[in-house]
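Chemist: Handing over work03.txt, compact mmCIF, C-alpha atoms (C1' of nucleotides).
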# COMPACT_ATOMS: atom_id res chain seq x y z
CA MET A 1 215.97 42.54 -43.24
CA PRO A 2 214.18 43.62 -46.34
CA GLY A 3 215.48 41.75 -49.40
CA ARG A 4 212.09 40.91 -50.92
CA TYR A 5 208.65 42.33 -50.25
CA THR A 6 205.01 42.54 -51.24
CA LEU A 7 202.90 45.49 -52.33
CA PHE A 8 199.68 43.99 -53.57
CA HIS A 9 197.36 46.97 -53.52
CA THR A 10 196.34 48.95 -56.58
CA LEU A 11 197.99 52.25 -57.45
CA GLU A 12 194.76 54.02 -56.44
CA GLU A 13 194.79 52.39 -53.00
CA ILE A 14 198.46 53.15 -52.45
CA ALA A 15 198.03 56.77 -53.53
CA GLU A 16 195.12 57.22 -51.14
CA LYS A 17 196.88 55.50 -48.24
CA PHE A 18 199.97 57.71 -48.64
CA ASN A 19 198.09 60.87 -49.42
CA VAL A 20 199.53 61.56 -52.87
CA LYS A 21 198.02 62.36 -56.25
CA LEU A 22 197.39 59.37 -58.49
CA PRO A 23 200.54 59.13 -60.62
CA ASP A 24 200.37 58.76 -64.39
CA PHE A 25 202.49 55.59 -64.52
CA ASP A 26 201.20 52.04 -64.28
CA PHE A 27 201.82 49.61 -61.45
CA GLN A 28 200.88 45.95 -61.09
CA PRO A 29 200.35 44.52 -57.59
CA ARG A 30 203.52 42.79 -56.42
CA TYR A 31 204.00 39.57 -54.47
CA ASN A 32 207.74 39.22 -55.01
CA ALA A 33 209.35 42.63 -55.34
CA THR A 34 213.13 42.21 -55.66
CA PRO A 35 216.21 44.44 -55.68
CA SER A 36 217.06 46.15 -59.00
CA GLN A 37 213.38 46.48 -59.93
CA LEU A 38 211.45 49.73 -60.38
CA LEU A 39 209.16 50.12 -57.37
CA PRO A 40 207.05 52.97 -55.99
CA VAL A 41 208.39 55.26 -53.27
CA ILE A 42 207.00 58.44 -51.69
CA ILE A 43 209.14 61.59 -51.60
CA ILE A 44 208.70 65.31 -51.03
CA GLU A 45 209.02 67.35 -54.21
CA ARG A 46 208.53 71.13 -54.13
CA GLY A 47 206.91 70.78 -50.73
CA GLU A 48 204.42 68.12 -51.83
CA ARG A 49 204.26 64.39 -51.35
CA VAL A 50 204.57 62.54 -54.65
CA MET A 51 204.92 58.93 -55.71
CA LYS A 52 207.84 57.99 -57.99
CA MET A 53 209.09 54.75 -59.46
CA MET A 54 212.69 54.11 -58.47
CA ARG A 55 215.19 51.29 -58.75
CA TRP A 56 215.74 49.28 -55.56
CA GLY A 57 219.44 49.51 -54.70
CA LEU A 58 220.83 52.98 -54.08
CA ILE A 59 223.41 54.11 -56.65
CA PRO A 60 225.68 56.84 -55.18
CA PRO A 61 226.35 59.83 -57.46
CA TRP A 62 230.01 58.88 -57.85
CA ALA A 63 229.32 55.33 -59.01
CA GLU A 64 230.63 54.22 -62.39
CA SER A 65 227.84 51.75 -63.04
CA VAL A 66 224.46 50.68 -61.73
CA ALA A 67 226.05 47.48 -60.40
CA ILE A 68 226.97 49.28 -57.17
CA GLY A 69 223.27 49.46 -56.39
CA ASN A 70 223.11 45.71 -55.94
CA LYS A 71 225.17 46.11 -52.79
CA MET A 72 223.13 49.03 -51.49
CA ILE A 73 219.68 47.52 -51.07
CA ASN A 74 219.83 48.18 -47.31
CA ALA A 75 221.44 50.84 -45.13
CA ARG A 76 222.20 50.42 -41.43
CA SER A 77 220.45 53.06 -39.31
CA GLU A 78 223.34 53.04 -36.84
CA THR A 79 225.89 54.26 -39.41
CA LEU A 80 223.80 56.15 -41.98
CA ALA A 81 224.97 59.56 -40.87
CA GLU A 82 228.67 58.75 -41.48
CA LYS A 83 228.64 56.57 -44.59
CA PRO A 84 229.72 58.48 -47.74
CA SER A 85 227.09 56.62 -49.75
CA PHE A 86 224.19 57.59 -47.51
CA ARG A 87 224.86 60.67 -45.40
CA ASN A 88 223.93 63.22 -48.05
CA ALA A 89 220.75 61.35 -48.88
CA LEU A 90 219.91 61.26 -45.18
CA LYS A 91 219.99 65.05 -45.06
CA SER A 92 217.84 65.76 -48.06
CA ARG A 93 216.54 62.64 -49.79
CA ARG A 94 214.48 60.58 -47.37
CA CYS A 95 211.60 58.48 -48.69
CA LEU A 96 208.81 56.13 -47.71
CA ILE A 97 208.76 52.68 -49.27
CA PRO A 98 205.16 51.40 -49.37
CA VAL A 99 204.98 47.75 -48.29
CA ASP A 100 202.31 45.23 -47.33
CA GLY A 101 204.79 42.73 -45.95
CA TYR A 102 208.35 41.53 -46.41
CA TYR A 103 210.05 38.16 -46.53
CA GLU A 104 212.59 36.52 -44.26
CA TRP A 105 214.16 33.10 -44.82
CA LEU A 106 213.98 31.03 -41.65
CA VAL A 107 216.85 28.55 -41.60
CA THR A 108 215.57 25.16 -40.41
CA GLU A 109 216.90 21.60 -40.38
CA LYS A 110 214.80 20.98 -43.48
CA GLY A 111 216.25 23.97 -45.33
CA LYS A 112 215.18 27.56 -45.75
CA GLN A 113 211.53 28.36 -45.17
CA PRO A 114 210.42 31.76 -46.43
CA LEU A 115 208.12 33.72 -44.11
CA LEU A 116 205.92 36.71 -44.86
CA ILE A 117 206.29 39.34 -42.14
CA SER A 118 203.45 41.84 -41.85
CA LEU A 119 201.37 43.89 -39.42
CA LYS A 120 198.57 42.20 -37.48
CA SER A 121 196.36 45.10 -38.57
CA LYS A 122 197.01 44.05 -42.21
CA GLU A 123 197.65 47.73 -42.93
CA THR A 124 200.05 48.83 -45.63
CA PHE A 125 203.08 50.37 -43.92
CA ALA A 126 206.37 51.93 -45.03
CA PHE A 127 210.03 51.19 -44.69
CA ALA A 128 212.09 54.27 -43.99
CA GLY A 129 214.27 54.79 -47.04
CA LEU A 130 216.75 57.05 -48.79
CA TRP A 131 216.90 57.87 -52.48
CA GLU A 132 219.49 59.17 -54.92
CA ILE A 133 219.83 60.47 -58.44
CA TRP A 134 222.58 59.07 -60.64
CA LYS A 135 223.74 60.02 -64.12
CA SER A 136 225.33 57.33 -66.21
CA PRO A 137 228.41 58.06 -68.37
CA VAL A 138 226.12 58.22 -71.43
CA GLY A 139 223.74 60.60 -69.71
CA ASP A 140 220.96 58.30 -68.55
CA VAL A 141 219.38 59.44 -65.29
CA ILE A 142 218.47 56.78 -62.76
CA TYR A 143 216.57 57.31 -59.52
CA SER A 144 217.25 54.65 -56.89
CA PHE A 145 216.47 53.89 -53.25
CA THR A 146 217.56 51.84 -50.25
CA ALA A 147 215.61 50.47 -47.27
CA ILE A 148 216.94 51.24 -43.80
CA THR A 149 217.52 48.46 -41.25
CA THR A 150 217.66 48.50 -37.46
CA GLU A 151 218.06 45.99 -34.65
CA PRO A 152 215.23 43.47 -34.42
CA ASN A 153 212.39 43.53 -31.89
CA GLU A 154 211.83 40.41 -29.74
CA PHE A 155 209.47 38.91 -32.30
CA ILE A 156 211.81 39.28 -35.28
CA ALA A 157 214.89 38.34 -33.27
CA ARG A 158 213.71 34.72 -33.34
CA ILE A 159 213.98 34.84 -37.13
CA HIS A 160 216.78 37.26 -37.93
CA HIS A 161 219.27 39.65 -36.36
CA ARG A 162 218.18 42.72 -38.34
CA MET A 163 214.85 44.17 -39.39
CA GLY A 164 213.55 46.92 -41.63
CA ALA A 165 212.83 50.31 -40.03
CA ILE A 166 209.02 50.32 -40.14
CA LEU A 167 207.06 53.58 -40.18
CA THR A 168 203.33 54.00 -39.60
CA ALA A 169 202.16 57.07 -37.64
CA ASN A 170 205.58 58.77 -37.94
CA GLN A 171 205.76 58.84 -41.74
CA ASP A 172 205.35 62.63 -41.91
CA ASP A 173 208.18 63.09 -39.42
CA TRP A 174 210.54 60.99 -41.51
CA LEU A 175 209.86 63.11 -44.60
CA SER A 176 209.84 66.44 -42.76
CA ASP A 177 212.70 68.89 -43.25
CA LYS A 178 211.83 70.60 -39.98
CA LEU A 179 213.39 67.85 -37.88
CA ILE A 180 217.08 67.79 -37.01
CA LEU A 181 219.39 64.87 -37.71
CA LYS A 182 219.00 63.29 -34.29
CA GLN A 183 215.23 63.43 -34.52
CA HIS A 184 215.32 61.63 -37.84
CA LEU A 185 217.63 58.97 -36.48
CA ASP A 186 215.41 58.50 -33.43
CA ILE A 187 212.58 57.45 -35.75
CA LEU A 188 214.57 54.43 -36.96
CA LYS A 189 213.75 52.13 -34.05
CA PRO A 190 212.43 48.55 -33.89
CA TYR A 191 208.67 48.38 -34.44
CA PRO A 192 206.62 46.95 -31.51
CA SER A 193 206.61 43.13 -31.51
CA GLU A 194 202.99 42.86 -30.45
CA GLU A 195 201.84 44.53 -33.68
CA MET A 196 203.65 42.12 -36.00
CA THR A 197 202.96 38.67 -37.37
CA ALA A 198 204.60 36.10 -39.66
CA ARG A 199 203.48 33.11 -41.67
CA PRO A 200 205.13 30.61 -44.00
CA VAL A 201 204.77 31.06 -47.76
CA SER A 202 205.69 29.01 -50.82
CA LYS A 203 209.33 28.06 -51.27
CA MET A 204 208.86 28.94 -54.92
CA LEU A 205 209.32 32.52 -53.76
CA LYS A 206 213.05 32.09 -54.30
CA ASP A 207 212.52 32.32 -58.06
CA VAL A 208 212.72 36.05 -58.70
CA ARG A 209 210.81 35.61 -61.97
CA LEU A 210 207.71 34.45 -60.08
CA ASP A 211 205.45 37.24 -58.94
CA VAL A 212 201.95 35.81 -58.44
CA PRO A 213 199.47 35.80 -55.54
CA GLU A 214 199.73 32.01 -55.31
CA LEU A 215 203.12 32.46 -53.59
CA LEU A 216 201.03 33.18 -50.50
CA ASP A 217 198.63 30.26 -51.13
CA GLU A 218 198.32 27.44 -48.56
CA LYS A 219 198.25 24.86 -51.35
CA PHE A 220 201.78 25.70 -52.39
CA MET A 221 203.33 25.98 -48.95
CA GLY A 222 206.72 24.39 -49.05
CA ARG A 223 206.35 23.10 -52.63
CA THR A 224 209.49 23.37 -54.69
CA ASP A 225 208.66 21.04 -57.57
CA ALA A 226 206.37 23.25 -59.61
CA GLN A 227 208.06 25.19 -62.40
CA PRO A 228 207.58 28.87 -63.14
CA LYS A 229 205.90 27.96 -66.43
CA GLU A 230 203.43 25.75 -64.55
CA MET A 231 202.61 28.53 -62.13
CA GLY A 232 201.62 30.82 -64.95
CA THR A 233 198.88 28.54 -66.25
CA LEU A 234 197.82 26.69 -63.13
CA PHE A 235 195.24 29.14 -61.93
C1' DC B 1 250.51 64.62 -52.67
C1' DC B 2 247.89 60.39 -55.10
C1' DA B 3 245.16 56.04 -54.85
C1' DG B 4 241.46 53.73 -53.46
C1' DA B 5 237.30 53.15 -51.13
C1' DC B 6 232.72 54.32 -50.72
C1' DG B 7 227.90 48.71 -48.47
C1' DT B 8 225.13 45.00 -45.96
C1' DT B 9 224.25 40.40 -44.70
C1' DG B 10 225.73 36.09 -43.39
C1' DT B 11 229.12 32.73 -42.69
C1' DT B 12 233.58 31.12 -41.22
C1' DG C 1 232.05 63.96 -54.51
C1' DT C 2 234.77 63.20 -50.35
C1' DC C 3 237.28 60.85 -47.06
C1' DT C 4 241.00 57.67 -45.53
C1' DG C 5 245.38 55.58 -45.81
C1' DG C 6 249.99 55.56 -47.30
C1' DC D 1 216.82 38.28 -50.71
C1' DC D 2 218.39 34.10 -54.11
C1' DA D 3 220.32 32.26 -58.57
C1' DG D 4 223.68 32.12 -61.72
C1' DA D 5 227.85 33.46 -63.71
C1' DC D 6 232.57 33.62 -63.42
C1' DG D 7 236.01 34.08 -70.62
C1' DT D 8 238.20 34.93 -75.20
C1' DT D 9 238.83 34.43 -80.01
C1' DG D 10 237.01 33.83 -84.25
C1' DT D 11 233.32 32.77 -87.24
C1' DT D 12 228.42 33.09 -88.64
C1' DG E 1 234.66 33.04 -53.26
C1' DT E 2 232.50 37.04 -55.18
C1' DC E 3 229.96 39.67 -58.17
C1' DT E 4 225.90 40.60 -61.13
C1' DG E 5 221.15 40.44 -62.33
C1' DG E 6 216.43 40.01 -61.16
Any chance you could give the structure as structure tokens?
Modeler:
Amino acid sequence: MPGRYTLFHTLEEIAEKFNVKLPDFDFQPRYNATPSQLLPVIIIERGERVMKMMRWGLIPPWAESVAIGNKMINARSETLAEKPSFRNALKSRRCLIPVDGYYEWLVTEKGKQPLLISLKSKETFAFAGLWEIWKSPVGDVIYSFTAITTEPNEFIARIHHRMGAILTANQDDWLSDKLILKQHLDILKPYPSEEMTARPVSKMLKDVRLDVPELLDEKFMGRTDAQPKEMGTLF
DNA sequence: CCAGACGTTGTT
DNA sequence: GTCTGG
DNA sequence: CCAGACGTTGTT
DNA sequence: GTCTGG
């Protein structure tokens, strides 16, 4: 399931891929995007696709603090329509979460080995997501999102018992208000195994402060001794 | 009526 | 906010 | 997802 | 064990 991911294209490339205007905010390519961070999502606003930065971890409108969002980084597709935290967002606040790949931790005898899961085509894809707007007691407004999970395909099942709901050709359908509830839910199915791939990455990934391309570098595969400080100057 | 939950994953 | 449980 | 905290009082 | 923060 999506708990960390990559989005290592430029804002220009992402905007073009998802058919939105180039936003006026800045974005640095990401190799270790983690929950609670501001990350780009695509929504429909006044009938047009736009890119917004939102906090990963959906905060329901009734929440008393942002902390709730830390528990809402994923939403099960099977129960979305009933859950008080998600059902309203499902009706009117669906989003695309641009992703180049996401990480799973494969549990082995030698410990946890992080894997980067991506498409064989190397194309940027999207997780189906939901977003919310939350007002803090002091009036701050926070936009947040969650990534939807589904059962795994045969390929992912060897690694984990859930997977993110991946969208490629059906991204317009997910955002469209012309579909009915069942049609939206039908989109949230396992992505075809034959189009997916996985490869091991550096165990240093576990440090949420590290967000550098070298996490994907062969030289650092499995290394746990290097320190974050070292990584910053090593290349 | 009021109070309390509202979520997922993984592990036991 | 809205539903469930007591 | 993983890592790290998990607490209060009083003093600076 | 469970929650928070990143």
Chemist: What is the C1' of DT11 in chain B to C1' of DT2 in chain E distance in Å?
Modeler: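 Computing the Euclidean distance for C1' of DT11 in chain B and C1' of DT2 in chain E yields 13.6 Å.
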Chemist: Show me, as a ChimeraX atom specification, the residues that have an atom within 10 Å of Ser118 in chain A when counting all atoms listed in the file, minus same-chain residues fewer than 3 positions from it.
Modeler: /A:5-6,99-103,115,121-125,195-199
Chemist: Using all atoms listed in the file, find each residue of chain C with at least one atom at most 12 Å away from an atom of chain A; report its shortest atom-to-atom pair and that distance in Å (one decimal), sort the rows by chain and rising residue number, and return the result as a tab-separated table.
Modeler:
residue	atom	partner	partner_atom	distance
C:DG1	C1'	A:Trp62	CA	6.4
C:DT2	C1'	A:Pro84	CA	7.4
C:DC3	C1'	A:Pro84	CA	8.0
C:DT4	C1'	A:Pro84	CA	11.5
Chemist: As an exercise, work out the distance from CA of Ala63 in chain A to CA of Lys182 in chain A in Å and give it to one decimal place.
Modeler: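 Straight-line distance from CA of Ala63 in chain A to CA of Lys182 in chain A works out to 27.9 Å.
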Chemist: Can you measure CA of Phe127 in chain A to CA of Leu215 in chain A for me? One decimal in Å is fine.
Modeler: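 Value for the CA of Phe127 in chain A-CA of Leu215 in chain A distance: 21.9 Å.
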Chemist: Let me make sure I understand: among A:Lys52, A:His161, A:Lys203, A:Lys110, which one has the smallest atom-to-atom distance to chain D if we use all atoms listed in the file?
Modeler: A:Lys203
Chemist: Tell me the residues of chain A close to chain D, meaning within 7 Å using only C-alpha atoms (C1' of nucleotides), as a list in words.
Modeler: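 Interface list for chain A against chain D: Gly3, Arg4 and Lys206 of chain A.
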Chemist: Would you mind completing range 158-193 of chain A so that it carries N, CA and C atoms, and writing it out as a PDB file, in the coordinates of the input?
Modeler:
ATOM      1  N   ARG A 158     213.749  36.184 -33.235  1.00  0.00           N
ATOM      2  CA  ARG A 158     213.710  34.720 -33.340  1.00  0.00           C
ATOM      3  C   ARG A 158     213.988  34.260 -34.761  1.00  0.00           C
ATOM      4  N   ILE A 159     213.836  35.190 -35.724  1.00  0.00           N
ATOM      5  CA  ILE A 159     213.980  34.840 -37.130  1.00  0.00           C
ATOM      6  C   ILE A 159     215.289  35.363 -37.703  1.00  0.00           C
ATOM      7  N   HIS A 160     215.656  36.601 -37.287  1.00  0.00           N
ATOM      8  CA  HIS A 160     216.780  37.260 -37.930  1.00  0.00           C
ATOM      9  C   HIS A 160     217.366  38.329 -37.008  1.00  0.00           C
ATOM     10  N   HIS A 161     218.604  38.700 -37.266  1.00  0.00           N
ATOM     11  CA  HIS A 161     219.270  39.650 -36.360  1.00  0.00           C
ATOM     12  C   HIS A 161     219.198  41.102 -36.827  1.00  0.00           C
ATOM     13  N   ARG A 162     218.460  41.345 -37.919  1.00  0.00           N
ATOM     14  CA  ARG A 162     218.180  42.720 -38.340  1.00  0.00           C
ATOM     15  C   ARG A 162     216.728  42.787 -38.774  1.00  0.00           C
ATOM     16  N   MET A 163     216.186  43.999 -38.814  1.00  0.00           N
ATOM     17  CA  MET A 163     214.850  44.170 -39.390  1.00  0.00           C
ATOM     18  C   MET A 163     214.741  45.527 -40.067  1.00  0.00           C
ATOM     19  N   GLY A 164     213.767  45.643 -40.968  1.00  0.00           N
ATOM     20  CA  GLY A 164     213.550  46.920 -41.630  1.00  0.00           C
ATOM     21  C   GLY A 164     213.018  47.943 -40.642  1.00  0.00           C
ATOM     22  N   ALA A 165     213.365  49.213 -40.857  1.00  0.00           N
ATOM     23  CA  ALA A 165     212.830  50.310 -40.030  1.00  0.00           C
ATOM     24  C   ALA A 165     211.419  50.625 -40.529  1.00  0.00           C
ATOM     25  N   ILE A 166     210.426  50.205 -39.745  1.00  0.00           N
ATOM     26  CA  ILE A 166     209.020  50.320 -40.140  1.00  0.00           C
ATOM     27  C   ILE A 166     208.419  51.627 -39.639  1.00  0.00           C
ATOM     28  N   LEU A 167     207.709  52.323 -40.540  1.00  0.00           N
ATOM     29  CA  LEU A 167     207.060  53.580 -40.180  1.00  0.00           C
ATOM     30  C   LEU A 167     205.550  53.452 -40.398  1.00  0.00           C
ATOM     31  N   THR A 168     204.784  53.914 -39.422  1.00  0.00           N
ATOM     32  CA  THR A 168     203.330  54.000 -39.600  1.00  0.00           C
ATOM     33  C   THR A 168     202.889  55.429 -39.292  1.00  0.00           C
ATOM     34  N   ALA A 169     202.642  55.727 -38.005  1.00  0.00           N
ATOM     35  CA  ALA A 169     202.160  57.070 -37.640  1.00  0.00           C
ATOM     36  C   ALA A 169     203.224  58.152 -37.838  1.00  0.00           C
ATOM     37  N   ASN A 170     204.495  57.772 -37.875  1.00  0.00           N
ATOM     38  CA  ASN A 170     205.580  58.770 -37.940  1.00  0.00           C
ATOM     39  C   ASN A 170     206.105  58.991 -39.360  1.00  0.00           C
ATOM     40  N   GLN A 171     205.293  58.685 -40.360  1.00  0.00           N
ATOM     41  CA  GLN A 171     205.760  58.840 -41.740  1.00  0.00           C
ATOM     42  C   GLN A 171     206.013  60.306 -42.110  1.00  0.00           C
ATOM     43  N   ASP A 172     205.150  61.196 -41.639  1.00  0.00           N
ATOM     44  CA  ASP A 172     205.350  62.630 -41.910  1.00  0.00           C
ATOM     45  C   ASP A 172     206.653  63.133 -41.305  1.00  0.00           C
ATOM     46  N   ASP A 173     206.951  62.660 -40.096  1.00  0.00           N
ATOM     47  CA  ASP A 173     208.180  63.090 -39.420  1.00  0.00           C
ATOM     48  C   ASP A 173     209.416  62.682 -40.221  1.00  0.00           C
ATOM     49  N   TRP A 174     209.378  61.469 -40.750  1.00  0.00           N
ATOM     50  CA  TRP A 174     210.540  60.990 -41.510  1.00  0.00           C
ATOM     51  C   TRP A 174     210.788  61.853 -42.746  1.00  0.00           C
ATOM     52  N   LEU A 175     209.711  62.291 -43.389  1.00  0.00           N
ATOM     53  CA  LEU A 175     209.860  63.110 -44.600  1.00  0.00           C
ATOM     54  C   LEU A 175     210.126  64.576 -44.302  1.00  0.00           C
ATOM     55  N   SER A 176     209.784  65.014 -43.081  1.00  0.00           N
ATOM     56  CA  SER A 176     209.840  66.440 -42.760  1.00  0.00           C
ATOM     57  C   SER A 176     211.248  67.010 -42.705  1.00  0.00           C
ATOM     58  N   ASP A 177     211.422  68.187 -43.313  1.00  0.00           N
ATOM     59  CA  ASP A 177     212.700  68.890 -43.250  1.00  0.00           C
ATOM     60  C   ASP A 177     212.834  69.749 -41.997  1.00  0.00           C
ATOM     61  N   LYS A 178     211.793  69.766 -41.186  1.00  0.00           N
ATOM     62  CA  LYS A 178     211.830  70.600 -39.980  1.00  0.00           C
ATOM     63  C   LYS A 178     212.503  69.896 -38.809  1.00  0.00           C
ATOM     64  N   LEU A 179     212.712  68.581 -38.951  1.00  0.00           N
ATOM     65  CA  LEU A 179     213.390  67.850 -37.880  1.00  0.00           C
ATOM     66  C   LEU A 179     214.904  67.939 -38.058  1.00  0.00           C
ATOM     67  N   ILE A 180     215.626  67.820 -36.929  1.00  0.00           N
ATOM     68  CA  ILE A 180     217.080  67.790 -37.010  1.00  0.00           C
ATOM     69  C   ILE A 180     217.540  66.345 -37.145  1.00  0.00           C
ATOM     70  N   LEU A 181     218.817  66.194 -37.457  1.00  0.00           N
ATOM     71  CA  LEU A 181     219.390  64.870 -37.710  1.00  0.00           C
ATOM     72  C   LEU A 181     219.032  63.851 -36.637  1.00  0.00           C
ATOM     73  N   LYS A 182     219.246  64.238 -35.376  1.00  0.00           N
ATOM     74  CA  LYS A 182     219.000  63.290 -34.290  1.00  0.00           C
ATOM     75  C   LYS A 182     217.542  62.842 -34.241  1.00  0.00           C
ATOM     76  N   GLN A 183     216.654  63.780 -34.529  1.00  0.00           N
ATOM     77  CA  GLN A 183     215.230  63.430 -34.520  1.00  0.00           C
ATOM     78  C   GLN A 183     214.900  62.431 -35.623  1.00  0.00           C
ATOM     79  N   HIS A 184     215.527  62.599 -36.765  1.00  0.00           N
ATOM     80  CA  HIS A 184     215.320  61.630 -37.840  1.00  0.00           C
ATOM     81  C   HIS A 184     215.856  60.266 -37.453  1.00  0.00           C
ATOM     82  N   LEU A 185     217.033  60.248 -36.870  1.00  0.00           N
ATOM     83  CA  LEU A 185     217.630  58.970 -36.480  1.00  0.00           C
ATOM     84  C   LEU A 185     216.807  58.270 -35.401  1.00  0.00           C
ATOM     85  N   ASP A 186     216.209  59.075 -34.518  1.00  0.00           N
ATOM     86  CA  ASP A 186     215.410  58.500 -33.430  1.00  0.00           C
ATOM     87  C   ASP A 186     214.159  57.773 -33.940  1.00  0.00           C
ATOM     88  N   ILE A 187     213.761  58.097 -35.176  1.00  0.00           N
ATOM     89  CA  ILE A 187     212.580  57.450 -35.750  1.00  0.00           C
ATOM     90  C   ILE A 187     212.880  56.001 -36.152  1.00  0.00           C
ATOM     91  N   LEU A 188     214.170  55.726 -36.389  1.00  0.00           N
ATOM     92  CA  LEU A 188     214.570  54.430 -36.960  1.00  0.00           C
ATOM     93  C   LEU A 188     214.768  53.378 -35.878  1.00  0.00           C
ATOM     94  N   LYS A 189     213.675  53.079 -35.159  1.00  0.00           N
ATOM     95  CA  LYS A 189     213.750  52.130 -34.050  1.00  0.00           C
ATOM     96  C   LYS A 189     212.936  50.874 -34.377  1.00  0.00           C
ATOM     97  N   PRO A 190     213.212  49.771 -33.650  1.00  0.00           N
ATOM     98  CA  PRO A 190     212.430  48.550 -33.890  1.00  0.00           C
ATOM     99  C   PRO A 190     210.933  48.796 -33.669  1.00  0.00           C
ATOM    100  N   TYR A 191     210.126  48.246 -34.550  1.00  0.00           N
ATOM    101  CA  TYR A 191     208.670  48.380 -34.440  1.00  0.00           C
ATOM    102  C   TYR A 191     208.182  47.427 -33.340  1.00  0.00           C
ATOM    103  N   PRO A 192     207.081  47.796 -32.618  1.00  0.00           N
ATOM    104  CA  PRO A 192     206.620  46.950 -31.510  1.00  0.00           C
ATOM    105  C   PRO A 192     206.270  45.517 -31.938  1.00  0.00           C
ATOM    106  N   SER A 193     206.826  44.555 -31.223  1.00  0.00           N
ATOM    107  CA  SER A 193     206.610  43.130 -31.510  1.00  0.00           C
ATOM    108  C   SER A 193     205.141  42.765 -31.569  1.00  0.00           C
TER     109      SER A 193
END
